[in-house]
Amino acid sequence: MANLPEIQLTVFSDYICPFCYVGHHRLMRLRDSYDLKINWCFLEIHPENSATGEPVTDLDYSSEFWDQLMKNLKRVATEENIPLAEHTFTTNSKDALLLAETCKQLGRDVFYDLHEKLFSAFFVDKKNIGDREVLREIAQGCGIDNAFIDNAWSDIRPQQRLLENFNQARQFHINSVPSFVFGKRVLTGVVEESVMRDAAADLIKQDND
């Protein structure tokens, strides 16, 4: 890793966004060529969702649009060999985002362990990551103690960071996730791995000019 060129980028994401899950997997594959230094900026995309969970049919999408979206998602997951259960329910992601924001201070290894497990819990194991007890179990599995977990939900600072993420997204004129910011280049939506690699190569070239 130490011999790989370093890439600094910002990613706007939410753990209940299926294409953020796919985009995360694609981005992580760039680690074979780059030392990725990622500023994960979490955005709550559906604050109106109940933490108890609700069917995706309750979302404000037409059935035709949603069916096509899920068809595309399944195709991409199959092509990329990404594990994915049928996406039938959604939830409120705020507590998961607060937990992830707070766990950044525990270091890269702990953060990424939690980060990966939150995505997998929701999109592979179909767990309700809006439920604090589910989140607690996931966090404990990463070696995070109860006091730290509780602090993530009671401390005002993680909530302030979510607001800062929102304001930063506005500065980049970003209004959807996933969005990947490579220098001045912003990639949004279902971004192909090849496009991410081109953006990374361009960023390295700019840094060397």
# chains A, B, ... in the order shown; residues from 1 in each chain; ligands from 1
$ residues_around --residues "A:Cys41" --least-positions-apart "3" --cutoff "12 Å" --atoms "only C-alpha atoms" --output "PyMOL selection string"
chain A and resi 9-15+20+38+44+97-98+100-101+104+158+161-169+174+177-181
$ write_last_selection --atoms "N, CA and C atoms" --output "CSV table (one decimal), in the first residue's frame"
chain,number,residue,atom,x,y,z
A,9,LEU,N,-10.0,11.8,-2.1
A,9,LEU,CA,-11.3,12.1,-2.7
A,9,LEU,C,-12.4,12.1,-1.6
A,10,THR,N,-13.5,12.7,-2.0
A,10,THR,CA,-14.7,12.7,-1.1
A,10,THR,C,-15.8,12.0,-1.7
A,11,VAL,N,-16.5,11.2,-0.9
A,11,VAL,CA,-17.7,10.4,-1.3
A,11,VAL,C,-18.9,10.8,-0.5
A,12,PHE,N,-20.0,11.1,-1.1
A,12,PHE,CA,-21.2,11.4,-0.4
A,12,PHE,C,-22.1,10.1,-0.6
A,13,SER,N,-22.6,9.6,0.6
A,13,SER,CA,-23.2,8.3,0.6
A,13,SER,C,-24.2,8.1,1.7
A,14,ASP,N,-25.0,7.1,1.6
A,14,ASP,CA,-26.0,6.7,2.6
A,14,ASP,C,-26.1,5.2,2.6
A,15,TYR,N,-26.2,4.6,3.8
A,15,TYR,CA,-26.2,3.2,3.9
A,15,TYR,C,-27.4,2.5,3.4
A,20,CYS,N,-25.2,3.3,-3.7
A,20,CYS,CA,-24.1,3.6,-2.9
A,20,CYS,C,-23.3,2.4,-2.5
A,38,ILE,N,-10.1,8.5,1.7
A,38,ILE,CA,-11.5,8.9,1.4
A,38,ILE,C,-12.1,9.6,2.5
A,44,GLU,N,-28.2,11.9,4.8
A,44,GLU,CA,-29.5,11.1,5.1
A,44,GLU,C,-30.5,11.4,3.9
A,97,LEU,N,-25.7,6.5,10.3
A,97,LEU,CA,-24.8,7.6,9.9
A,97,LEU,C,-24.1,8.2,11.1
A,98,LEU,N,-24.8,8.5,12.1
A,98,LEU,CA,-24.2,9.1,13.3
A,98,LEU,C,-23.1,8.1,13.9
A,100,ALA,N,-21.4,5.8,12.2
A,100,ALA,CA,-20.3,5.8,11.3
A,100,ALA,C,-19.4,7.1,11.5
A,101,GLU,N,-20.1,8.2,11.5
A,101,GLU,CA,-19.4,9.5,11.7
A,101,GLU,C,-18.5,9.4,13.0
A,104,LYS,N,-15.3,7.2,13.0
A,104,LYS,CA,-14.1,7.7,12.2
A,104,LYS,C,-12.9,8.0,13.2
A,158,PRO,N,-21.6,14.6,16.2
A,158,PRO,CA,-21.9,13.9,15.0
A,158,PRO,C,-23.0,14.4,14.2
A,161,ARG,N,-21.8,17.2,12.2
A,161,ARG,CA,-21.0,16.8,11.0
A,161,ARG,C,-21.9,16.4,9.9
A,162,LEU,N,-23.1,15.8,10.2
A,162,LEU,CA,-24.0,15.5,9.1
A,162,LEU,C,-24.5,16.8,8.5
A,163,LEU,N,-24.7,17.8,9.3
A,163,LEU,CA,-25.1,19.1,8.7
A,163,LEU,C,-24.0,19.7,7.8
A,164,GLU,N,-22.8,19.6,8.3
A,164,GLU,CA,-21.6,20.0,7.5
A,164,GLU,C,-21.5,19.3,6.2
A,165,ASN,N,-21.8,18.0,6.2
A,165,ASN,CA,-21.8,17.2,5.0
A,165,ASN,C,-22.8,17.7,4.0
A,166,PHE,N,-24.0,18.0,4.5
A,166,PHE,CA,-25.1,18.5,3.7
A,166,PHE,C,-24.6,19.8,3.0
A,167,ASN,N,-24.0,20.7,3.8
A,167,ASN,CA,-23.6,22.0,3.3
A,167,ASN,C,-22.5,21.8,2.3
A,168,GLN,N,-21.6,20.9,2.5
A,168,GLN,CA,-20.5,20.6,1.6
A,168,GLN,C,-21.0,20.1,0.3
A,169,ALA,N,-22.0,19.2,0.4
A,169,ALA,CA,-22.7,18.7,-0.9
A,169,ALA,C,-23.2,19.9,-1.7
A,174,ILE,N,-24.2,19.1,-5.4
A,174,ILE,CA,-24.6,17.7,-5.3
A,174,ILE,C,-25.9,17.6,-4.6
A,177,VAL,N,-27.1,10.9,-4.1
A,177,VAL,CA,-26.0,9.9,-3.8
A,177,VAL,C,-26.1,8.7,-4.6
A,178,PRO,N,-25.0,8.0,-4.9
A,178,PRO,CA,-23.7,8.3,-4.5
A,178,PRO,C,-23.1,9.4,-5.4
A,179,SER,N,-22.2,10.2,-4.8
A,179,SER,CA,-21.4,11.2,-5.6
A,179,SER,C,-19.9,11.0,-5.2
A,180,PHE,N,-19.1,11.0,-6.1
A,180,PHE,CA,-17.6,10.8,-5.9
A,180,PHE,C,-16.9,12.1,-6.4
A,181,VAL,N,-16.2,12.7,-5.6
A,181,VAL,CA,-15.5,14.0,-5.9
A,181,VAL,C,-14.0,13.7,-6.0
$ select_by_dssp --residues "chain A" --states "strand (DSSP E)" --output "ChimeraX atom specification"
/A:6-13,35-42,54-55,89-90,179-182,185-188
$ closest_residue --among "A:Ile149, A:Ile7, A:Ile138, A:Val124" --to "A:Ala77" --atoms "only C-alpha atoms"
A:Val124
$ atom_distance --atom1 "atom CA of A:Phe123" --atom2 "atom CA of A:Ala96"
13.9 Å
$ residues_around --residues "stretch 50-54 of chain A" --least-positions-apart "4" --cutoff "8 Å" --atoms "only C-alpha atoms" --output "MDAnalysis selection string"
chainID A and resid 58 89:93 128 130:131
$ write_last_selection --atoms "N, CA and C atoms" --output "PDB file, in the first residue's frame"
ATOM      1  N   ASP A  58     -43.606   2.032  -0.240  1.00  0.00           N
ATOM      2  CA  ASP A  58     -44.063   3.262   0.397  1.00  0.00           C
ATOM      3  C   ASP A  58     -43.279   4.486  -0.057  1.00  0.00           C
ATOM      4  N   PHE A  89     -37.403  -3.648   1.584  1.00  0.00           N
ATOM      5  CA  PHE A  89     -37.790  -2.692   2.620  1.00  0.00           C
ATOM      6  C   PHE A  89     -36.706  -1.637   2.791  1.00  0.00           C
ATOM      7  N   THR A  90     -37.104  -0.514   3.361  1.00  0.00           N
ATOM      8  CA  THR A  90     -36.162   0.556   3.647  1.00  0.00           C
ATOM      9  C   THR A  90     -36.351   0.975   5.102  1.00  0.00           C
ATOM     10  N   THR A  91     -35.534   1.903   5.554  1.00  0.00           N
ATOM     11  CA  THR A  91     -35.586   2.316   6.952  1.00  0.00           C
ATOM     12  C   THR A  91     -35.013   3.707   7.090  1.00  0.00           C
ATOM     13  N   ASN A  92     -34.926   4.182   8.306  1.00  0.00           N
ATOM     14  CA  ASN A  92     -34.294   5.460   8.583  1.00  0.00           C
ATOM     15  C   ASN A  92     -32.806   5.209   8.854  1.00  0.00           C
ATOM     16  N   SER A  93     -31.950   5.978   8.246  1.00  0.00           N
ATOM     17  CA  SER A  93     -30.514   5.705   8.333  1.00  0.00           C
ATOM     18  C   SER A  93     -29.766   6.626   9.289  1.00  0.00           C
ATOM     19  N   ASN A 128     -32.589  -4.558   9.741  1.00  0.00           N
ATOM     20  CA  ASN A 128     -33.069  -3.179   9.850  1.00  0.00           C
ATOM     21  C   ASN A 128     -32.024  -2.327  10.571  1.00  0.00           C
ATOM     22  N   GLY A 130     -32.024   0.699  10.949  1.00  0.00           N
ATOM     23  CA  GLY A 130     -32.645   1.823  11.634  1.00  0.00           C
ATOM     24  C   GLY A 130     -32.870   1.512  13.103  1.00  0.00           C
ATOM     25  N   ASP A 131     -32.809   0.239  13.456  1.00  0.00           N
ATOM     26  CA  ASP A 131     -33.026  -0.240  14.820  1.00  0.00           C
ATOM     27  C   ASP A 131     -31.721  -0.123  15.611  1.00  0.00           C
TER      28      ASP A 131
END
$ residues_around --residues "A:Ala200" --least-positions-apart "3" --cutoff "8 Å" --atoms "only C-alpha atoms" --output "PyMOL selection string"
chain A and resi 7+182+196-197+203-204
$ write_last_selection --atoms "C-alpha atoms" --output "compact mmCIF listing (two decimals), in the first residue's frame"
# COMPACT_ATOMS: atom_id res chain seq x y z
CA ILE A 7 -5.59 9.56 -4.01
CA PHE A 182 -12.06 13.54 -7.54
CA MET A 196 -13.55 6.05 -11.54
CA ARG A 197 -10.14 4.84 -12.69
CA LEU A 203 -6.17 13.50 -10.52
CA ILE A 204 -2.70 11.96 -10.24
$ select_by_dssp --residues "stretch 50-103 of chain A" --states "alpha helix (DSSP H)" --output "tab-separated table (two decimals) with C-alpha atoms, in the first residue's frame"
chain	number	residue	atom	x	y	z
A	63	SER	CA	-44.06	1.15	-9.61
A	64	GLU	CA	-42.70	1.27	-13.18
A	65	PHE	CA	-39.73	3.41	-12.14
A	66	TRP	CA	-38.96	1.24	-9.13
A	67	ASP	CA	-39.20	-2.01	-11.09
A	68	GLN	CA	-36.73	-0.69	-13.66
A	69	LEU	CA	-34.44	0.57	-10.91
A	70	MET	CA	-34.38	-2.82	-9.22
A	71	LYS	CA	-33.87	-4.58	-12.54
A	72	ASN	CA	-30.81	-2.41	-13.20
A	73	LEU	CA	-29.56	-2.96	-9.67
A	74	LYS	CA	-29.81	-6.74	-9.93
A	75	ARG	CA	-28.06	-6.69	-13.31
A	76	VAL	CA	-25.18	-4.60	-12.00
A	77	ALA	CA	-24.82	-6.71	-8.84
A	78	THR	CA	-24.71	-9.89	-10.91
A	79	GLU	CA	-22.18	-8.47	-13.38
A	80	GLU	CA	-19.98	-7.20	-10.56
A	94	LYS	CA	-29.72	8.60	10.69
A	95	ASP	CA	-28.53	6.52	13.64
A	96	ALA	CA	-26.33	4.42	11.36
A	97	LEU	CA	-24.81	7.57	9.88
A	98	LEU	CA	-24.20	9.08	13.33
A	99	LEU	CA	-22.52	5.86	14.41
A	100	ALA	CA	-20.28	5.79	11.33
A	101	GLU	CA	-19.37	9.47	11.70
A	102	THR	CA	-18.38	8.94	15.33
A	103	CYS	CA	-16.38	5.80	14.58
$ decode --residues "stretch 12-45 of chain A" --atoms "N, CA and C atoms" --output "PDB file, in the first residue's frame"
ATOM      1  N   PHE A  12     -19.976  11.121  -1.119  1.00  0.00           N
ATOM      2  CA  PHE A  12     -21.246  11.380  -0.443  1.00  0.00           C
ATOM      3  C   PHE A  12     -22.100  10.129  -0.579  1.00  0.00           C
ATOM      4  N   SER A  13     -22.567   9.611   0.566  1.00  0.00           N
ATOM      5  CA  SER A  13     -23.174   8.285   0.554  1.00  0.00           C
ATOM      6  C   SER A  13     -24.170   8.126   1.701  1.00  0.00           C
ATOM      7  N   ASP A  14     -25.020   7.094   1.568  1.00  0.00           N
ATOM      8  CA  ASP A  14     -25.960   6.716   2.626  1.00  0.00           C
ATOM      9  C   ASP A  14     -26.056   5.198   2.633  1.00  0.00           C
ATOM     10  N   TYR A  15     -26.154   4.610   3.819  1.00  0.00           N
ATOM     11  CA  TYR A  15     -26.163   3.153   3.929  1.00  0.00           C
ATOM     12  C   TYR A  15     -27.445   2.499   3.442  1.00  0.00           C
ATOM     13  N   ILE A  16     -28.499   3.251   3.200  1.00  0.00           N
ATOM     14  CA  ILE A  16     -29.735   2.643   2.680  1.00  0.00           C
ATOM     15  C   ILE A  16     -29.888   2.864   1.178  1.00  0.00           C
ATOM     16  N   CYS A  17     -28.866   3.427   0.541  1.00  0.00           N
ATOM     17  CA  CYS A  17     -28.903   3.659  -0.911  1.00  0.00           C
ATOM     18  C   CYS A  17     -28.262   2.474  -1.623  1.00  0.00           C
ATOM     19  N   PRO A  18     -29.007   1.715  -2.422  1.00  0.00           N
ATOM     20  CA  PRO A  18     -28.440   0.525  -3.057  1.00  0.00           C
ATOM     21  C   PRO A  18     -27.303   0.828  -4.020  1.00  0.00           C
ATOM     22  N   PHE A  19     -27.362   1.970  -4.676  1.00  0.00           N
ATOM     23  CA  PHE A  19     -26.300   2.283  -5.622  1.00  0.00           C
ATOM     24  C   PHE A  19     -25.066   2.847  -4.926  1.00  0.00           C
ATOM     25  N   CYS A  20     -25.237   3.320  -3.681  1.00  0.00           N
ATOM     26  CA  CYS A  20     -24.068   3.638  -2.851  1.00  0.00           C
ATOM     27  C   CYS A  20     -23.331   2.357  -2.487  1.00  0.00           C
ATOM     28  N   TYR A  21     -24.101   1.317  -2.216  1.00  0.00           N
ATOM     29  CA  TYR A  21     -23.524   0.003  -1.904  1.00  0.00           C
ATOM     30  C   TYR A  21     -22.718  -0.519  -3.085  1.00  0.00           C
ATOM     31  N   VAL A  22     -23.291  -0.442  -4.271  1.00  0.00           N
ATOM     32  CA  VAL A  22     -22.590  -0.882  -5.484  1.00  0.00           C
ATOM     33  C   VAL A  22     -21.369   0.006  -5.738  1.00  0.00           C
ATOM     34  N   GLY A  23     -21.568   1.331  -5.616  1.00  0.00           N
ATOM     35  CA  GLY A  23     -20.472   2.259  -5.855  1.00  0.00           C
ATOM     36  C   GLY A  23     -19.318   2.058  -4.897  1.00  0.00           C
ATOM     37  N   HIS A  24     -19.633   1.717  -3.656  1.00  0.00           N
ATOM     38  CA  HIS A  24     -18.592   1.432  -2.663  1.00  0.00           C
ATOM     39  C   HIS A  24     -17.730   0.261  -3.123  1.00  0.00           C
ATOM     40  N   HIS A  25     -18.359  -0.807  -3.585  1.00  0.00           N
ATOM     41  CA  HIS A  25     -17.604  -1.974  -4.041  1.00  0.00           C
ATOM     42  C   HIS A  25     -16.723  -1.624  -5.228  1.00  0.00           C
ATOM     43  N   ARG A  26     -17.259  -0.854  -6.159  1.00  0.00           N
ATOM     44  CA  ARG A  26     -16.460  -0.468  -7.327  1.00  0.00           C
ATOM     45  C   ARG A  26     -15.273   0.394  -6.921  1.00  0.00           C
ATOM     46  N   LEU A  27     -15.529   1.348  -6.036  1.00  0.00           N
ATOM     47  CA  LEU A  27     -14.455   2.241  -5.601  1.00  0.00           C
ATOM     48  C   LEU A  27     -13.359   1.473  -4.869  1.00  0.00           C
ATOM     49  N   MET A  28     -13.735   0.521  -4.033  1.00  0.00           N
ATOM     50  CA  MET A  28     -12.743  -0.225  -3.268  1.00  0.00           C
ATOM     51  C   MET A  28     -11.806  -1.028  -4.171  1.00  0.00           C
ATOM     52  N   ARG A  29     -12.239  -1.344  -5.371  1.00  0.00           N
ATOM     53  CA  ARG A  29     -11.372  -2.089  -6.286  1.00  0.00           C
ATOM     54  C   ARG A  29     -10.201  -1.234  -6.774  1.00  0.00           C
ATOM     55  N   LEU A  30     -10.310   0.067  -6.632  1.00  0.00           N
ATOM     56  CA  LEU A  30      -9.210   0.945  -7.023  1.00  0.00           C
ATOM     57  C   LEU A  30      -8.020   0.829  -6.069  1.00  0.00           C
ATOM     58  N   ARG A  31      -8.233   0.131  -4.943  1.00  0.00           N
ATOM     59  CA  ARG A  31      -7.151  -0.032  -3.987  1.00  0.00           C
ATOM     60  C   ARG A  31      -6.010  -0.886  -4.535  1.00  0.00           C
ATOM     61  N   ASP A  32      -6.261  -1.596  -5.660  1.00  0.00           N
ATOM     62  CA  ASP A  32      -5.174  -2.356  -6.266  1.00  0.00           C
ATOM     63  C   ASP A  32      -4.159  -1.440  -6.950  1.00  0.00           C
ATOM     64  N   SER A  33      -4.554  -0.182  -7.185  1.00  0.00           N
ATOM     65  CA  SER A  33      -3.682   0.758  -7.896  1.00  0.00           C
ATOM     66  C   SER A  33      -3.364   2.023  -7.113  1.00  0.00           C
ATOM     67  N   TYR A  34      -4.196   2.307  -6.077  1.00  0.00           N
ATOM     68  CA  TYR A  34      -4.040   3.569  -5.350  1.00  0.00           C
ATOM     69  C   TYR A  34      -4.199   3.363  -3.841  1.00  0.00           C
ATOM     70  N   ASP A  35      -3.522   4.225  -3.110  1.00  0.00           N
ATOM     71  CA  ASP A  35      -3.742   4.318  -1.672  1.00  0.00           C
ATOM     72  C   ASP A  35      -4.868   5.325  -1.482  1.00  0.00           C
ATOM     73  N   LEU A  36      -6.083   4.838  -1.268  1.00  0.00           N
ATOM     74  CA  LEU A  36      -7.260   5.700  -1.219  1.00  0.00           C
ATOM     75  C   LEU A  36      -7.402   6.363   0.146  1.00  0.00           C
ATOM     76  N   LYS A  37      -7.444   7.662   0.145  1.00  0.00           N
ATOM     77  CA  LYS A  37      -7.735   8.443   1.340  1.00  0.00           C
ATOM     78  C   LYS A  37      -9.100   9.088   1.112  1.00  0.00           C
ATOM     79  N   ILE A  38     -10.133   8.483   1.680  1.00  0.00           N
ATOM     80  CA  ILE A  38     -11.504   8.873   1.359  1.00  0.00           C
ATOM     81  C   ILE A  38     -12.130   9.639   2.510  1.00  0.00           C
ATOM     82  N   ASN A  39     -12.666  10.778   2.196  1.00  0.00           N
ATOM     83  CA  ASN A  39     -13.479  11.529   3.144  1.00  0.00           C
ATOM     84  C   ASN A  39     -14.925  11.108   2.919  1.00  0.00           C
ATOM     85  N   TRP A  40     -15.416  10.212   3.768  1.00  0.00           N
ATOM     86  CA  TRP A  40     -16.796   9.746   3.640  1.00  0.00           C
ATOM     87  C   TRP A  40     -17.729  10.782   4.249  1.00  0.00           C
ATOM     88  N   CYS A  41     -18.556  11.380   3.408  1.00  0.00           N
ATOM     89  CA  CYS A  41     -19.527  12.373   3.859  1.00  0.00           C
ATOM     90  C   CYS A  41     -20.921  11.758   3.766  1.00  0.00           C
ATOM     91  N   PHE A  42     -21.512  11.465   4.897  1.00  0.00           N
ATOM     92  CA  PHE A  42     -22.794  10.769   4.903  1.00  0.00           C
ATOM     93  C   PHE A  42     -23.952  11.759   4.832  1.00  0.00           C
ATOM     94  N   LEU A  43     -24.892  11.441   3.951  1.00  0.00           N
ATOM     95  CA  LEU A  43     -26.089  12.257   3.760  1.00  0.00           C
ATOM     96  C   LEU A  43     -27.315  11.387   4.000  1.00  0.00           C
ATOM     97  N   GLU A  44     -28.238  11.867   4.793  1.00  0.00           N
ATOM     98  CA  GLU A  44     -29.475  11.133   5.068  1.00  0.00           C
ATOM     99  C   GLU A  44     -30.455  11.405   3.932  1.00  0.00           C
ATOM    100  N   ILE A  45     -30.712  10.400   3.100  1.00  0.00           N
ATOM    101  CA  ILE A  45     -31.512  10.638   1.893  1.00  0.00           C
ATOM    102  C   ILE A  45     -33.013  10.527   2.124  1.00  0.00           C
TER     103      ILE A  45
END
